[in-house]
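Engineer: Have a look at this one before I ask anything.
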Protein chains: 2
Amino acid sequence: MLKSIYKPAQIWYFCFNYVCLMKKKPLILISNDDGIDAPGIRFLINQMLEIGDVVVVAPNSPQSGQGHAISVNTFLEFKPHNNFDGEHLEYSCSGTPADCIKLGVHEILDRKPDLCVSGINHGGNSSISVIYSGTMSAALEAGIEGIPSIGFSIQDFSWATDFSICAPFVKSIAQKVLDEGLPEGVVLNVNFPKSQDKPYNGVKICKQARGNWVNKFDKRTNPHGKVYYWMNGKYVNMDSSENTDEAALEDYYVSVVPTQFDLTAYQAMNALNKWDI
Amino acid sequence: MLKSIYKPAQIWYFCFNYVCLMKKKPLILISNDDGIDAPGIRFLINQMLEIGDVVVVAPNSPQSGQGHAISVNTFLEFKPHNNFDGEHLEYSCSGTPADCIKLGVHEILDRKPDLCVSGINHGGNSSISVIYSGTMSAALEAGIEGIPSIGFSIQDFSWATDFSICAPFVKSIAQKVLDEGLPEGVVLNVNFPKSQDKPYNGVKICKQARGNWVNKFDKRTNPHGKVYYWMNGKYVNMDSSENTDEAALEDYYVSVVPTQFDLTAYQAMNALNKWDI
């Protein structure tokens with residue numbers, strides 16, 4: 001059955017699939033935007049290995065702020081990464097987080113994953129940051145593919161972050177989504193507050209806070225006399241409601257925002273229908 | 001008042017602002033994702049010059065499929081473009097469409113525009129394409145900044161597209177938004193069907209059709225023996241409702257979808273609140 005035309009990686013993949021089916025463990029696709037070697041995704045992989053069979057397709061370099069970018073004007077490369085050792089499969093990809101999911105679903109895997117998780121992102125993705133986030137774009141892309149999906153982020157940029165405080169929540173939320181599924185068209189945006197060396201106060205289901213990044217542009221001159229700018233910015237919260245993700249995180253809760261990719265503002269349709277255009 | 005420290009461009013900008021204020025014409029910020037020299041944005045600029053004062057900040061190269069990417073890991077450059085001739089101001093920028101709006105609002109302009117328009121994109125941005133679209137990310141970014149904003153796209157990739165069929169709709173929708181404003185948090189996603197050499201049947205206010213791009217990856221080998229992939233895909237409509245953008249476009253109507261950047265799936269919150277996590 002396994003002809004010589006098959007490369008070792010392909011043979012291994014057949015075996016991997018066969019074992020997965022025999023074990024009947026859920027198949028979990030993992031990606032992120034900080035790159036395949038980031039501590040956040042390494043932690044997430046280890047957590048997911050406790051509840052399912054794991055395939056990783058993640059960017060080979062940091063892709064923060066990539067929003068929902070996809071590679072339409074350039075080609076993609078991917079290759080086996082690191083520990084192609086029988087524990088799980090990993091591929092690093094030259095593209096964006098959304099590309100990784102598309103590659104994973106349409107090229108690498110031959111069955112639909114039972115769950116997709118993205119992250120854990122080094123840096124929060126609450127409020128309007130959801131729209132710029134590569135982590136959430138991977139999760140949303142999986143959601144568009146009909147895969148129950150979760151993006152995880154922590155409000156801590158440090159590469160030395162101790163993620164262990166997140167562990168019980170990551171596993172219980174992932175297991176819950178595996179057990180119950182998610183409403184159609186809904187993806188979870190989970191954010192963890194920066195650790196204060198004490199357990200989180202719990203989980204809150206929230207709405208995305210109304211807020212904005214007020215940007216400053218740091219003007220510099222390169223050694224050749226050419227002017228260039230670095231974008232900088234400060235988040236400004238404009239939402240005093242109680243049930244926002246920002247409020248939950250401020251109160252040291254894990255925030256969970258059900259997030260959708262149908263962007264229609266249904267509440268505005270009546271008003272627009274009265275326009276004479 | 002105009003000291004010698006001011007460069008000619010700055011002096012001109014002061015004069016531009018002074019004239020705008022005197023004329024009391026609306027200030028219109030224009031961007032796109034096909035690049036500043038694309039025929040679609042040139043047409044849009046000419047239309048907007050009939051109803052307001054125009055400042056253009058657009059990418060210096062094509063940025064299709066950039067989604068809501070922003071430049072957090074690289075610097076930005078921008079410079080006056082083309083006809084810095086007194087008719088209107090234009091800047092080309094090294095960044096993404098969302099970068100262009102951030103630069104325009106926070107660095108280039110010293111007052112908030114009355115309107116932002118993006119496009120006209122060479123290619124449709126209906127249904128789920130809204131989420132990958134650089135054109136719509138510019139419009140959404142302006143919406144996040146609190147600027148009434150519209151993205152325009154046509155279902156025709158040809159650089160030779162005759163946009164004149166769009167003219168009355170572009171102007172009347174832009175004028176309506178200037179006159180009436182838009183509900184808070186709402187941006188318009190306007191799509192034109194490919195011209196059939198007859199006038200459009202009218203305008204329909206629509207919802208974003210439920211659909212997906214089913215991707216294929218075209219595997220190739222470069223001259224050095226390395227494998228790479230081109231992403232390709234086909235849109236699959238999964239929505240048979242009557243009031244979708246896809247249905248309107250199919251019926252040769254201009255589709256207008258009120259589009260929001262609050263991604264909260266409010267309808268899912270009750271169900272999630274019952275979860276024990």
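Identifiers in this document derive from the order of the structure tokens: chains are assigned A, B, ..., residues are numbered from 1 separately in each chain, and ligands are numbered from 1 in order of occurrence.
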Write out as a ChimeraX atom specification each polymer residue whose atoms come within 7 Å of Phe75 of chain A, counting only C-alpha atoms; drop sequence neighbours fewer than 6 positions from it.

Structural biologist: /B:228-230

Engineer: Provide as a PyMOL selection string the residues of chain B at most 6 Å from chain A, counting only C-alpha atoms.

Structural biologist: chain B and resi 65-70+75-77+132+207-208+228-230+258-260+263-265

Engineer: For the residues in the current selection, export N, CA and C atoms as a PDB file, in the first residue's frame.

Structural biologist:
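Saved file out-v2.pdb follows:
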ATOM      1  N   GLY B  65      -5.652  42.018  -0.142  1.00  0.00           N
ATOM      2  CA  GLY B  65      -5.642  40.897   0.803  1.00  0.00           C
ATOM      3  C   GLY B  65      -4.908  41.197   2.092  1.00  0.00           C
ATOM      4  N   GLN B  66      -4.628  42.464   2.343  1.00  0.00           N
ATOM      5  CA  GLN B  66      -3.877  42.822   3.544  1.00  0.00           C
ATOM      6  C   GLN B  66      -4.736  42.826   4.798  1.00  0.00           C
ATOM      7  N   GLY B  67      -6.053  42.588   4.638  1.00  0.00           N
ATOM      8  CA  GLY B  67      -6.927  42.582   5.793  1.00  0.00           C
ATOM      9  C   GLY B  67      -6.684  43.826   6.619  1.00  0.00           C
ATOM     10  N   HIS B  68      -6.735  43.677   7.941  1.00  0.00           N
ATOM     11  CA  HIS B  68      -6.543  44.855   8.796  1.00  0.00           C
ATOM     12  C   HIS B  68      -5.113  44.899   9.337  1.00  0.00           C
ATOM     13  N   ALA B  69      -4.157  44.497   8.484  1.00  0.00           N
ATOM     14  CA  ALA B  69      -2.754  44.507   8.910  1.00  0.00           C
ATOM     15  C   ALA B  69      -2.278  45.932   9.178  1.00  0.00           C
ATOM     16  N   ILE B  70      -1.448  46.080  10.195  1.00  0.00           N
ATOM     17  CA  ILE B  70      -0.768  47.347  10.470  1.00  0.00           C
ATOM     18  C   ILE B  70       0.720  47.062  10.665  1.00  0.00           C
ATOM     19  N   PHE B  75       9.076  50.077   9.888  1.00  0.00           N
ATOM     20  CA  PHE B  75       8.825  51.519   9.877  1.00  0.00           C
ATOM     21  C   PHE B  75       8.012  51.908   8.650  1.00  0.00           C
ATOM     22  N   LEU B  76       7.562  53.142   8.650  1.00  0.00           N
ATOM     23  CA  LEU B  76       6.743  53.650   7.547  1.00  0.00           C
ATOM     24  C   LEU B  76       7.418  54.850   6.896  1.00  0.00           C
ATOM     25  N   GLU B  77       7.220  54.970   5.612  1.00  0.00           N
ATOM     26  CA  GLU B  77       7.652  56.170   4.894  1.00  0.00           C
ATOM     27  C   GLU B  77       6.448  56.709   4.127  1.00  0.00           C
ATOM     28  N   TYR B 132     -10.944  40.072   4.428  1.00  0.00           N
ATOM     29  CA  TYR B 132      -9.586  40.011   3.856  1.00  0.00           C
ATOM     30  C   TYR B 132      -9.212  41.319   3.151  1.00  0.00           C
ATOM     31  N   LYS B 207     -27.391  42.400   3.832  1.00  0.00           N
ATOM     32  CA  LYS B 207     -26.520  41.792   4.830  1.00  0.00           C
ATOM     33  C   LYS B 207     -25.382  41.064   4.101  1.00  0.00           C
ATOM     34  N   GLN B 208     -24.298  40.887   4.820  1.00  0.00           N
ATOM     35  CA  GLN B 208     -23.145  40.131   4.312  1.00  0.00           C
ATOM     36  C   GLN B 208     -23.555  38.673   4.100  1.00  0.00           C
ATOM     37  N   TYR B 228       7.272  25.474  -3.607  1.00  0.00           N
ATOM     38  CA  TYR B 228       6.508  26.593  -3.063  1.00  0.00           C
ATOM     39  C   TYR B 228       5.067  26.482  -3.550  1.00  0.00           C
ATOM     40  N   TYR B 229       4.186  27.289  -2.984  1.00  0.00           N
ATOM     41  CA  TYR B 229       2.749  27.177  -3.251  1.00  0.00           C
ATOM     42  C   TYR B 229       2.148  28.546  -3.563  1.00  0.00           C
ATOM     43  N   TRP B 230       1.251  28.597  -4.523  1.00  0.00           N
ATOM     44  CA  TRP B 230       0.419  29.780  -4.743  1.00  0.00           C
ATOM     45  C   TRP B 230      -0.987  29.476  -4.232  1.00  0.00           C
ATOM     46  N   PRO B 258     -24.231  47.730   5.771  1.00  0.00           N
ATOM     47  CA  PRO B 258     -23.731  48.427   6.951  1.00  0.00           C
ATOM     48  C   PRO B 258     -22.837  47.449   7.724  1.00  0.00           C
ATOM     49  N   THR B 259     -21.615  47.855   7.954  1.00  0.00           N
ATOM     50  CA  THR B 259     -20.571  46.953   8.449  1.00  0.00           C
ATOM     51  C   THR B 259     -19.992  47.509   9.740  1.00  0.00           C
ATOM     52  N   GLN B 260     -19.760  46.615  10.712  1.00  0.00           N
ATOM     53  CA  GLN B 260     -19.321  47.110  12.027  1.00  0.00           C
ATOM     54  C   GLN B 260     -18.024  46.453  12.465  1.00  0.00           C
ATOM     55  N   LEU B 263     -17.111  43.213  17.002  1.00  0.00           N
ATOM     56  CA  LEU B 263     -17.279  41.832  16.533  1.00  0.00           C
ATOM     57  C   LEU B 263     -18.027  40.954  17.540  1.00  0.00           C
ATOM     58  N   THR B 264     -18.482  41.537  18.660  1.00  0.00           N
ATOM     59  CA  THR B 264     -19.162  40.736  19.675  1.00  0.00           C
ATOM     60  C   THR B 264     -20.389  40.027  19.104  1.00  0.00           C
ATOM     61  N   ALA B 265     -20.465  38.733  19.318  1.00  0.00           N
ATOM     62  CA  ALA B 265     -21.653  37.956  18.929  1.00  0.00           C
ATOM     63  C   ALA B 265     -22.617  37.986  20.122  1.00  0.00           C
TER      64      ALA B 265
END

Engineer: Nearest to Gly233 of chain A: which of A:Ser255, A:Ser158, A:Ser129, A:Gln196 is it, counting only C-alpha atoms?

Structural biologist: A:Ser129

Engineer: From a DSSP pass on the backbone, collect the residues of segment 19-264 of chain A flagged as strand (DSSP E or B) and hand them back as a PyMOL selection string.

Structural biologist: chain A and resi 27-31+53-59+76+78-80+89-93+115-122+149-154+186-192+203-205+207+211-221+227-237+244+254-260+264

Engineer: Next, write the just-selected residues to a file, as a PDB file, in the first residue's frame, keeping C-alpha atoms as the atom set.

Structural biologist:
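Dumped to part07.pdb:
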ATOM      1  CA  LEU A  27      -7.684  16.469  16.202  1.00  0.00           C
ATOM      2  CA  ILE A  28      -6.517  19.945  17.237  1.00  0.00           C
ATOM      3  CA  LEU A  29      -4.969  22.444  14.802  1.00  0.00           C
ATOM      4  CA  ILE A  30      -2.737  25.042  16.466  1.00  0.00           C
ATOM      5  CA  SER A  31      -1.388  28.326  15.153  1.00  0.00           C
ATOM      6  CA  ASP A  53      -3.872  14.889  18.791  1.00  0.00           C
ATOM      7  CA  VAL A  54      -2.068  17.986  17.689  1.00  0.00           C
ATOM      8  CA  VAL A  55      -0.992  19.397  14.337  1.00  0.00           C
ATOM      9  CA  VAL A  56       0.778  22.768  14.365  1.00  0.00           C
ATOM     10  CA  VAL A  57       0.917  25.092  11.361  1.00  0.00           C
ATOM     11  CA  ALA A  58       2.397  28.392  12.461  1.00  0.00           C
ATOM     12  CA  PRO A  59       4.367  31.288  10.982  1.00  0.00           C
ATOM     13  CA  LEU A  76       3.983  30.392   0.363  1.00  0.00           C
ATOM     14  CA  PHE A  78       6.076  25.456   4.544  1.00  0.00           C
ATOM     15  CA  LYS A  79       8.177  22.662   5.963  1.00  0.00           C
ATOM     16  CA  PRO A  80       8.256  20.231   8.875  1.00  0.00           C
ATOM     17  CA  LEU A  89       3.210  17.163  13.616  1.00  0.00           C
ATOM     18  CA  GLU A  90       4.553  20.660  13.234  1.00  0.00           C
ATOM     19  CA  TYR A  91       4.956  22.817  10.142  1.00  0.00           C
ATOM     20  CA  SER A  92       6.432  26.288   9.922  1.00  0.00           C
ATOM     21  CA  CYS A  93       5.035  28.507   7.188  1.00  0.00           C
ATOM     22  CA  LEU A 115     -10.835  22.241  17.242  1.00  0.00           C
ATOM     23  CA  CYS A 116      -8.491  25.072  16.353  1.00  0.00           C
ATOM     24  CA  VAL A 117      -6.625  27.051  19.004  1.00  0.00           C
ATOM     25  CA  SER A 118      -4.397  30.054  18.385  1.00  0.00           C
ATOM     26  CA  GLY A 119      -1.861  31.684  20.698  1.00  0.00           C
ATOM     27  CA  ILE A 120      -1.150  32.044  23.493  1.00  0.00           C
ATOM     28  CA  ASN A 121      -0.365  35.505  22.226  1.00  0.00           C
ATOM     29  CA  HIS A 122       2.301  37.527  23.988  1.00  0.00           C
ATOM     30  CA  SER A 149     -12.091  27.817  17.380  1.00  0.00           C
ATOM     31  CA  ILE A 150     -10.470  29.820  20.187  1.00  0.00           C
ATOM     32  CA  GLY A 151      -7.842  32.555  20.298  1.00  0.00           C
ATOM     33  CA  PHE A 152      -5.870  32.886  23.552  1.00  0.00           C
ATOM     34  CA  SER A 153      -3.837  35.971  24.545  1.00  0.00           C
ATOM     35  CA  ILE A 154      -2.227  37.255  27.731  1.00  0.00           C
ATOM     36  CA  VAL A 186     -18.881  32.292  16.624  1.00  0.00           C
ATOM     37  CA  VAL A 187     -15.238  32.098  17.714  1.00  0.00           C
ATOM     38  CA  LEU A 188     -13.960  32.745  21.241  1.00  0.00           C
ATOM     39  CA  ASN A 189     -11.551  35.571  22.029  1.00  0.00           C
ATOM     40  CA  VAL A 190     -10.006  34.640  25.390  1.00  0.00           C
ATOM     41  CA  ASN A 191      -7.723  37.109  27.180  1.00  0.00           C
ATOM     42  CA  PHE A 192      -5.757  36.564  30.393  1.00  0.00           C
ATOM     43  CA  VAL A 203     -14.000  33.739  33.906  1.00  0.00           C
ATOM     44  CA  LYS A 204     -16.373  36.366  32.556  1.00  0.00           C
ATOM     45  CA  ILE A 205     -18.320  36.231  29.294  1.00  0.00           C
ATOM     46  CA  LYS A 207     -18.534  42.092  25.067  1.00  0.00           C
ATOM     47  CA  GLY A 211     -12.021  51.725  22.494  1.00  0.00           C
ATOM     48  CA  ASN A 212      -9.353  52.909  20.123  1.00  0.00           C
ATOM     49  CA  TRP A 213      -5.594  53.175  19.690  1.00  0.00           C
ATOM     50  CA  VAL A 214      -4.525  56.795  19.527  1.00  0.00           C
ATOM     51  CA  ASN A 215      -1.400  56.634  17.433  1.00  0.00           C
ATOM     52  CA  LYS A 216       1.719  58.738  17.511  1.00  0.00           C
ATOM     53  CA  PHE A 217       4.307  58.555  14.779  1.00  0.00           C
ATOM     54  CA  ASP A 218       7.897  58.719  15.951  1.00  0.00           C
ATOM     55  CA  LYS A 219       9.755  60.631  13.215  1.00  0.00           C
ATOM     56  CA  ARG A 220      13.390  59.612  12.644  1.00  0.00           C
ATOM     57  CA  THR A 221      16.083  60.133  10.052  1.00  0.00           C
ATOM     58  CA  VAL A 227      12.880  60.437   7.054  1.00  0.00           C
ATOM     59  CA  TYR A 228      10.892  57.462   8.328  1.00  0.00           C
ATOM     60  CA  TYR A 229       8.289  56.852  11.028  1.00  0.00           C
ATOM     61  CA  TRP A 230       7.609  54.250  13.705  1.00  0.00           C
ATOM     62  CA  MET A 231       3.981  53.814  14.650  1.00  0.00           C
ATOM     63  CA  ASN A 232       3.329  53.985  18.335  1.00  0.00           C
ATOM     64  CA  GLY A 233       0.086  54.231  20.204  1.00  0.00           C
ATOM     65  CA  LYS A 234      -1.850  54.210  23.404  1.00  0.00           C
ATOM     66  CA  TYR A 235      -5.114  52.386  23.938  1.00  0.00           C
ATOM     67  CA  VAL A 236      -7.947  54.651  25.038  1.00  0.00           C
ATOM     68  CA  ASN A 237     -10.983  52.969  26.553  1.00  0.00           C
ATOM     69  CA  THR A 244     -16.675  44.576  28.734  1.00  0.00           C
ATOM     70  CA  VAL A 254     -10.236  35.858  32.315  1.00  0.00           C
ATOM     71  CA  SER A 255     -12.334  37.530  29.591  1.00  0.00           C
ATOM     72  CA  VAL A 256     -14.169  35.467  26.969  1.00  0.00           C
ATOM     73  CA  VAL A 257     -15.761  37.385  24.090  1.00  0.00           C
ATOM     74  CA  PRO A 258     -17.917  35.469  21.600  1.00  0.00           C
ATOM     75  CA  THR A 259     -16.628  36.957  18.354  1.00  0.00           C
ATOM     76  CA  GLN A 260     -18.173  36.808  14.891  1.00  0.00           C
ATOM     77  CA  THR A 264     -23.295  43.161   9.201  1.00  0.00           C
TER      78      THR A 264
END

Engineer: Measuring atom to atom with only C-alpha atoms, identify which of B:Gly52, B:Pro39, B:Pro97, B:Pro193 is nearest to Ser126 of chain B.

Structural biologist: B:Pro193

Engineer: Write out as a PyMOL selection string the set of residues from segment 85-203 of chain B that DSSP, computed on the backbone, places in alpha helix (DSSP H).

Structural biologist: chain B and resi 97-103+134-144+167-180

Engineer: Selected residues, C-alpha atoms, written as a short mmCIF file (atom, residue, chain, number, x, y, z; two decimals), in the first residue's frame, please.

Structural biologist:
data_model
loop_
_atom_site.label_atom_id
_atom_site.label_comp_id
_atom_site.auth_asym_id
_atom_site.auth_seq_id
_atom_site.Cartn_x
_atom_site.Cartn_y
_atom_site.Cartn_z
CA PRO B 97 -4.28 50.64 3.91
CA ALA B 98 -4.95 50.79 7.69
CA ASP B 99 -1.51 52.41 8.17
CA CYS B 100 -2.45 55.03 5.56
CA ILE B 101 -5.53 56.05 7.52
CA LYS B 102 -3.62 56.15 10.82
CA LEU B 103 -0.90 58.30 9.19
CA GLY B 134 -7.49 46.11 2.41
CA THR B 135 -10.03 48.50 0.88
CA MET B 136 -12.51 47.78 3.65
CA SER B 137 -9.79 47.85 6.32
CA ALA B 138 -9.02 51.47 5.37
CA ALA B 139 -12.73 52.31 5.62
CA LEU B 140 -13.10 50.42 8.92
CA GLU B 141 -9.99 52.08 10.35
CA ALA B 142 -11.50 55.48 9.58
CA GLY B 143 -14.74 54.29 11.20
CA ILE B 144 -12.80 53.32 14.32
CA ALA B 167 -20.32 57.78 -10.75
CA PRO B 168 -23.88 58.76 -9.74
CA PHE B 169 -23.94 56.17 -6.94
CA VAL B 170 -20.51 57.07 -5.60
CA LYS B 171 -21.45 60.73 -5.39
CA SER B 172 -24.98 60.27 -4.05
CA ILE B 173 -23.92 57.78 -1.35
CA ALA B 174 -20.97 59.96 -0.30
CA GLN B 175 -23.19 63.07 -0.22
CA LYS B 176 -25.85 61.23 1.78
CA VAL B 177 -23.26 60.13 4.35
CA LEU B 178 -21.94 63.71 4.55
CA ASP B 179 -25.48 65.05 5.03
CA GLU B 180 -26.90 62.40 7.38
#
